[in-house]
$ cat start33.tsv   # TSV, C-alpha atoms
chain	number	residue	atom	x	y	z
A	1	MET	CA	0.00	0.00	0.00
A	2	GLN	CA	1.27	3.46	-0.94
A	3	PRO	CA	1.93	5.74	2.08
A	4	ASP	CA	-0.39	8.71	2.52
A	5	LEU	CA	1.73	11.65	1.37
A	6	CYS	CA	-0.71	14.26	2.65
A	7	PRO	CA	-2.45	13.06	5.82
A	8	PRO	CA	-4.68	15.55	7.67
A	9	GLN	CA	-3.52	17.52	10.69
A	10	GLN	CA	-4.37	16.05	14.09
A	11	GLN	CA	-2.74	18.67	16.31
A	12	LEU	CA	-1.00	21.91	15.42
A	13	ARG	CA	1.09	24.51	17.25
A	14	THR	CA	2.34	27.68	15.55
A	15	LEU	CA	5.93	28.65	16.33
A	16	LYS	CA	7.67	32.01	16.09
A	17	VAL	CA	10.95	31.36	14.29
A	18	ALA	CA	13.11	34.17	12.95
A	19	LEU	CA	14.02	34.43	9.29
A	20	GLU	CA	17.58	35.62	8.77
A	21	ARG	CA	19.81	36.44	5.84
A	22	GLN	CA	22.16	33.88	4.31
A	23	ALA	CA	25.80	34.08	5.32
A	24	PRO	CA	27.79	36.06	2.70
A	25	GLY	CA	29.42	34.00	-0.01
A	26	GLN	CA	29.49	33.07	-3.66
A	27	LEU	CA	26.12	31.35	-4.05
A	28	PRO	CA	24.33	30.29	-7.23
A	29	GLY	CA	21.67	32.49	-8.81
A	30	TYR	CA	20.33	34.97	-6.26
A	31	ALA	CA	20.62	32.64	-3.24
A	32	SER	CA	22.63	35.25	-1.33
A	33	SER	CA	19.52	37.48	-1.23
A	34	LEU	CA	17.30	34.81	0.35
A	35	ALA	CA	16.27	34.44	3.97
A	36	THR	CA	16.55	31.21	5.95
A	37	THR	CA	15.88	30.19	9.57
A	38	SER	CA	17.90	28.82	12.46
A	39	LEU	CA	16.25	25.46	11.67
A	40	GLY	CA	17.37	25.59	8.04
A	41	PRO	CA	15.47	26.81	4.99
A	42	PRO	CA	11.68	26.31	5.26
A	43	VAL	CA	11.47	23.68	2.53
A	44	LEU	CA	10.08	20.16	2.23
A	45	LYS	CA	11.01	17.25	0.01
A	46	HIS	CA	7.35	16.95	-0.94
A	47	TRP	CA	4.64	19.61	-0.86
A	48	CYS	CA	0.89	19.20	-0.39
A	49	VAL	CA	-1.02	22.05	-2.06
A	50	TRP	CA	-4.65	23.10	-1.75
A	51	ILE	CA	-6.20	25.50	-4.27
A	52	GLN	CA	-9.37	27.33	-3.28
A	53	PRO	CA	-12.18	25.92	-5.42
A	54	ALA	CA	-14.75	27.96	-7.28
A	55	ASP	CA	-17.63	29.35	-5.22
A	56	ALA	CA	-20.21	27.55	-7.34
A	57	THR	CA	-20.53	24.58	-9.67
A	58	PRO	CA	-20.17	25.06	-12.54
A	59	ALA	CA	-17.57	27.77	-11.98
A	60	ASN	CA	-18.19	31.18	-13.53
A	61	ARG	CA	-15.82	32.45	-16.21
A	62	TRP	CA	-13.77	34.55	-13.76
A	63	ASP	CA	-13.22	31.68	-11.33
A	64	GLN	CA	-12.34	29.42	-14.26
A	65	ARG	CA	-9.76	31.94	-15.49
A	66	TRP	CA	-8.20	32.24	-12.01
A	67	LEU	CA	-8.12	28.47	-11.50
A	68	LYS	CA	-6.54	27.91	-14.92
A	69	ALA	CA	-3.78	30.49	-14.32
A	70	VAL	CA	-2.96	29.23	-10.82
A	71	SER	CA	-3.02	25.58	-11.92
A	72	SER	CA	-0.67	26.40	-14.82
A	73	ALA	CA	1.81	28.09	-12.47
A	74	LEU	CA	1.65	25.15	-10.07
A	75	THR	CA	2.23	22.66	-12.89
A	76	THR	CA	5.28	24.64	-13.96
A	77	TRP	CA	6.84	24.44	-10.46
A	78	ASN	CA	5.89	20.76	-10.29
A	79	ALA	CA	8.61	20.08	-12.86
A	80	LEU	CA	11.13	21.21	-10.19
A	81	VAL	CA	9.57	20.18	-6.86
A	82	PRO	CA	7.36	17.19	-5.94
A	83	ILE	CA	3.78	18.36	-5.41
A	84	THR	CA	0.48	16.66	-4.60
A	85	ARG	CA	-2.79	18.58	-4.90
A	86	VAL	CA	-5.18	17.90	-2.05
A	87	ASP	CA	-8.91	18.41	-1.52
A	88	SER	CA	-8.82	19.67	2.07
A	89	PRO	CA	-6.91	22.60	3.63
A	90	ASP	CA	-5.93	20.51	6.67
A	91	GLN	CA	-3.89	18.24	4.38
A	92	ALA	CA	-1.92	21.12	2.90
A	93	ASN	CA	1.41	22.83	3.52
A	94	VAL	CA	0.56	25.45	0.89
A	95	LEU	CA	-2.89	27.03	0.62
A	96	ILE	CA	-3.61	29.13	-2.48
A	97	ARG	CA	-6.50	31.55	-2.07
A	98	ARG	CA	-8.42	33.70	-4.53
A	99	GLU	CA	-7.93	36.88	-2.55
A	100	ARG	CA	-6.76	40.42	-3.13
A	101	PRO	CA	-4.09	41.17	-0.50
A	102	ALA	CA	-4.80	44.09	1.79
A	103	ARG	CA	-2.81	47.24	1.12
A	104	ARG	CA	0.12	47.76	3.45
A	105	GLN	CA	2.30	50.69	4.37
A	106	VAL	CA	5.91	50.60	3.15
A	107	ALA	CA	8.25	53.51	3.86
A	108	GLY	CA	5.24	55.68	4.70
A	109	VAL	CA	3.39	54.86	1.45
A	110	TRP	CA	0.35	52.60	1.15
A	111	ARG	CA	0.98	49.95	-1.51
A	112	ALA	CA	-1.34	47.50	-3.24
A	113	SER	CA	-0.15	44.04	-4.30
A	114	ASN	CA	-1.30	41.57	-6.93
A	115	GLY	CA	-0.22	38.71	-4.66
A	116	ARG	CA	1.30	37.99	-1.29
A	117	THR	CA	2.76	34.98	0.51
A	118	GLN	CA	2.62	34.51	4.27
A	119	LEU	CA	4.70	31.94	6.13
A	120	GLN	CA	4.12	30.25	9.47
A	121	ILE	CA	6.28	27.58	11.07
A	122	ILE	CA	4.23	24.84	12.68
A	123	ASP	CA	4.77	21.86	14.94
A	124	VAL	CA	2.13	19.50	13.54
A	125	GLN	CA	0.99	15.96	14.24
A	126	ARG	CA	-0.02	13.77	11.31
A	127	LEU	CA	-0.71	10.03	11.55
A	128	GLY	CA	0.51	10.10	15.15
A	129	SER	CA	3.94	11.62	14.38
A	130	ARG	CA	5.04	15.19	15.06
A	131	ARG	CA	7.21	17.17	12.68
A	132	LEU	CA	8.15	20.70	11.74
A	133	GLU	CA	6.58	22.13	8.62
A	134	PRO	CA	6.33	25.45	6.83
A	135	GLN	CA	2.68	26.40	6.38
A	136	VAL	CA	2.21	28.94	3.62
A	137	LYS	CA	-0.77	31.03	2.60
A	138	VAL	CA	-0.56	32.29	-0.99
A	139	MET	CA	-2.95	35.07	-2.03
A	140	VAL	CA	-3.43	35.76	-5.74
A	141	SER	CA	-5.80	38.55	-6.71
A	142	PRO	CA	-8.48	37.57	-9.25
A	143	GLU	CA	-8.58	41.13	-10.57
A	144	LEU	CA	-5.80	40.67	-13.13
A	145	ARG	CA	-5.54	39.77	-16.79
A	146	ALA	CA	-4.75	36.13	-17.49
A	147	GLU	CA	-0.97	36.41	-18.06
A	148	ALA	CA	-0.53	38.65	-15.04
A	149	LEU	CA	-2.51	36.14	-12.96
A	150	GLN	CA	-0.20	33.31	-13.99
A	151	ALA	CA	2.97	35.38	-13.49
A	152	THR	CA	1.79	36.49	-10.04
A	153	ALA	CA	0.98	32.91	-9.03
A	154	LEU	CA	4.36	31.72	-10.32
A	155	HIS	CA	6.17	34.42	-8.31
A	156	GLU	CA	4.26	33.81	-5.07
A	157	LEU	CA	4.61	30.03	-5.35
A	158	GLY	CA	8.35	30.50	-5.74
A	159	HIS	CA	8.32	32.08	-2.28
A	160	ALA	CA	6.14	29.26	-0.97
A	161	PHE	CA	8.56	26.57	-2.15
A	162	GLY	CA	11.55	28.18	-0.45
A	163	LEU	CA	12.69	31.27	-2.38
A	164	TRP	CA	12.18	33.76	0.47
A	165	GLY	CA	13.71	36.76	-1.21
A	166	HIS	CA	13.87	38.51	-4.57
A	167	SER	CA	16.05	38.70	-7.64
A	168	SER	CA	17.19	41.96	-9.21
A	169	VAL	CA	17.04	40.48	-12.73
A	170	PRO	CA	13.66	41.27	-14.38
A	171	THR	CA	13.53	38.02	-16.38
A	172	ASP	CA	13.52	35.88	-13.21
A	173	ALA	CA	10.19	34.66	-11.82
A	174	LEU	CA	11.23	36.01	-8.41
A	175	ALA	CA	12.27	39.42	-9.76
A	176	ILE	CA	11.27	42.25	-7.46
A	177	ASN	CA	10.21	44.12	-10.62
A	178	GLN	CA	9.54	42.16	-13.79
A	179	GLY	CA	9.99	43.56	-17.28
A	180	GLU	CA	7.30	44.36	-19.84
A	181	SER	CA	6.58	40.68	-20.54
A	182	PRO	CA	5.18	38.61	-17.65
A	183	VAL	CA	7.49	35.76	-16.59
A	184	LEU	CA	5.49	32.52	-16.97
A	185	VAL	CA	8.26	29.95	-16.44
A	186	PRO	CA	11.18	29.88	-13.96
A	187	SER	CA	14.44	31.13	-15.45
A	188	GLU	CA	17.72	29.24	-15.25
A	189	ARG	CA	18.66	31.46	-12.30
A	190	ASP	CA	15.39	30.56	-10.57
A	191	ARG	CA	16.15	26.87	-11.13
A	192	LEU	CA	19.73	27.12	-9.88
A	193	THR	CA	18.66	29.04	-6.79
A	194	LEU	CA	15.85	26.63	-5.93
A	195	ALA	CA	18.10	23.60	-6.47
A	196	TRP	CA	20.67	25.10	-4.07
A	197	VAL	CA	18.00	25.79	-1.42
A	198	MET	CA	16.66	22.25	-1.66
A	199	GLN	CA	20.14	20.81	-1.08
A	200	GLN	CA	20.64	22.66	2.21
A	201	THR	CA	20.38	20.97	5.59
A	202	THR	CA	17.03	21.60	7.26
A	203	ARG	CA	14.98	20.27	10.14
A	204	PHE	CA	11.72	20.84	8.29
A	205	GLY	CA	9.94	17.62	7.44
A	206	SER	CA	11.81	15.65	10.10
A	207	THR	CA	10.16	13.97	13.08
A	208	ILE	CA	10.61	15.82	16.39
A	209	GLN	CA	10.36	14.64	19.99
A	210	GLN	CA	10.90	17.80	22.05
A	211	PRO	CA	9.06	21.11	21.63
A	212	ILE	CA	11.03	23.94	20.03
A	213	GLU	CA	11.18	27.18	21.98
A	214	PRO	CA	9.57	30.09	20.10
A	215	SER	CA	11.52	33.20	19.18
A	216	GLU	CA	10.75	36.39	17.31
A	217	PHE	CA	9.42	35.78	13.79
A	218	ALA	CA	9.83	38.19	10.90
A	219	LEU	CA	9.53	37.99	7.13
A	220	PRO	CA	11.24	39.87	4.32
A	221	GLU	CA	9.00	41.92	2.05
$ encode --input "start33.tsv" --output "structure tokens"
Amino acid sequence: MQPDLCPPQQQLRTLKVALERQAPGQLPGYASSLATTSLGPPVLKHWCVWIQPADATPANRWDQRWLKAVSSALTTWNALVPITRVDSPDQANVLIRRERPARRQVAGVWRASNGRTQLQIIDVQRLGSRRLEPQVKVMVSPELRAEALQATALHELGHAFGLWGHSSVPTDALAINQGESPVLVPSERDRLTLAWVMQQTTRFGSTIQQPIEPSEFALPE
């Protein structure tokens, strides 16, 4: 019998774990701009992803457009990271929601966003075993044209799968500012950076016995 890759949560405790910059060095792609944690990068060898379904059946044209764009972005990342789509949020490490992020104040100016990714670190019990996991909420606004929807989903999912930072090169999916053409597939730099992150030592996904003491938690923009 195949093991259940995405069992539901039985118990959950949210931790406060600080994100910190990588140590300086010659790293591939834009890895030197990424944040990590004292437990290692918040990555898993296998991700369980839930996508918010349409509000009605059959889905209206706008929900269909959003679902198609998000599913296309997820399929693109699935060529680089193992992913299973799940039917229930309590099975998921990554939850993708059809939601316009609230405006936030940056340097005294209120800014709107097409998408946003929020990370929590959790101590979770599944099938009787406790382990550390990243739990990520991805918000992608439905109020975008189709290509912008897909590019936004691709960018935010890059964060979700471990790229907690930005690139300065506009042709990268994780560029802080993309060029005139939306980026719909990860660049070679995106791939090199993600591959490096996935090779790093981490405690995420491993079974734990003792509780981890919380500390201050902060995220890069």
$ closest_residue --input "start33.tsv" --among "A:Pro182, A:Val43, A:Pro170, A:Ala148" --to "Gln199 (chain A)" --atoms "all atoms listed in the file"
A:Val43
$ closest_residue --input "start33.tsv" --among "A:Arg145, A:His166, A:Lys137, A:His159" --to "Ala69 (chain A)" --atoms "all atoms listed in the file"
A:Arg145
$ closest_residue --input "start33.tsv" --among "A:Leu67, A:Val94, A:Leu157, A:Val86" --to "Pro134 (chain A)" --atoms "all atoms listed in the file"
A:Val94
$ atom_distance --input "start33.tsv" --atom1 "CA of Thr36 (chain A)" --atom2 "CA of Leu19 (chain A)"
5.3 Å
$ atom_distance --input "start33.tsv" --atom1 "CA of Thr193 (chain A)" --atom2 "CA of Leu74 (chain A)"
17.8 Å
$ atom_distance --input "start33.tsv" --atom1 "CA of Leu154 (chain A)" --atom2 "CA of Ala73 (chain A)"
4.9 Å
$ closest_residue --input "start33.tsv" --among "A:Ile176, A:Ile208, A:Val81, A:Leu5" --to "Arg191 (chain A)" --atoms "all atoms listed in the file"
A:Val81
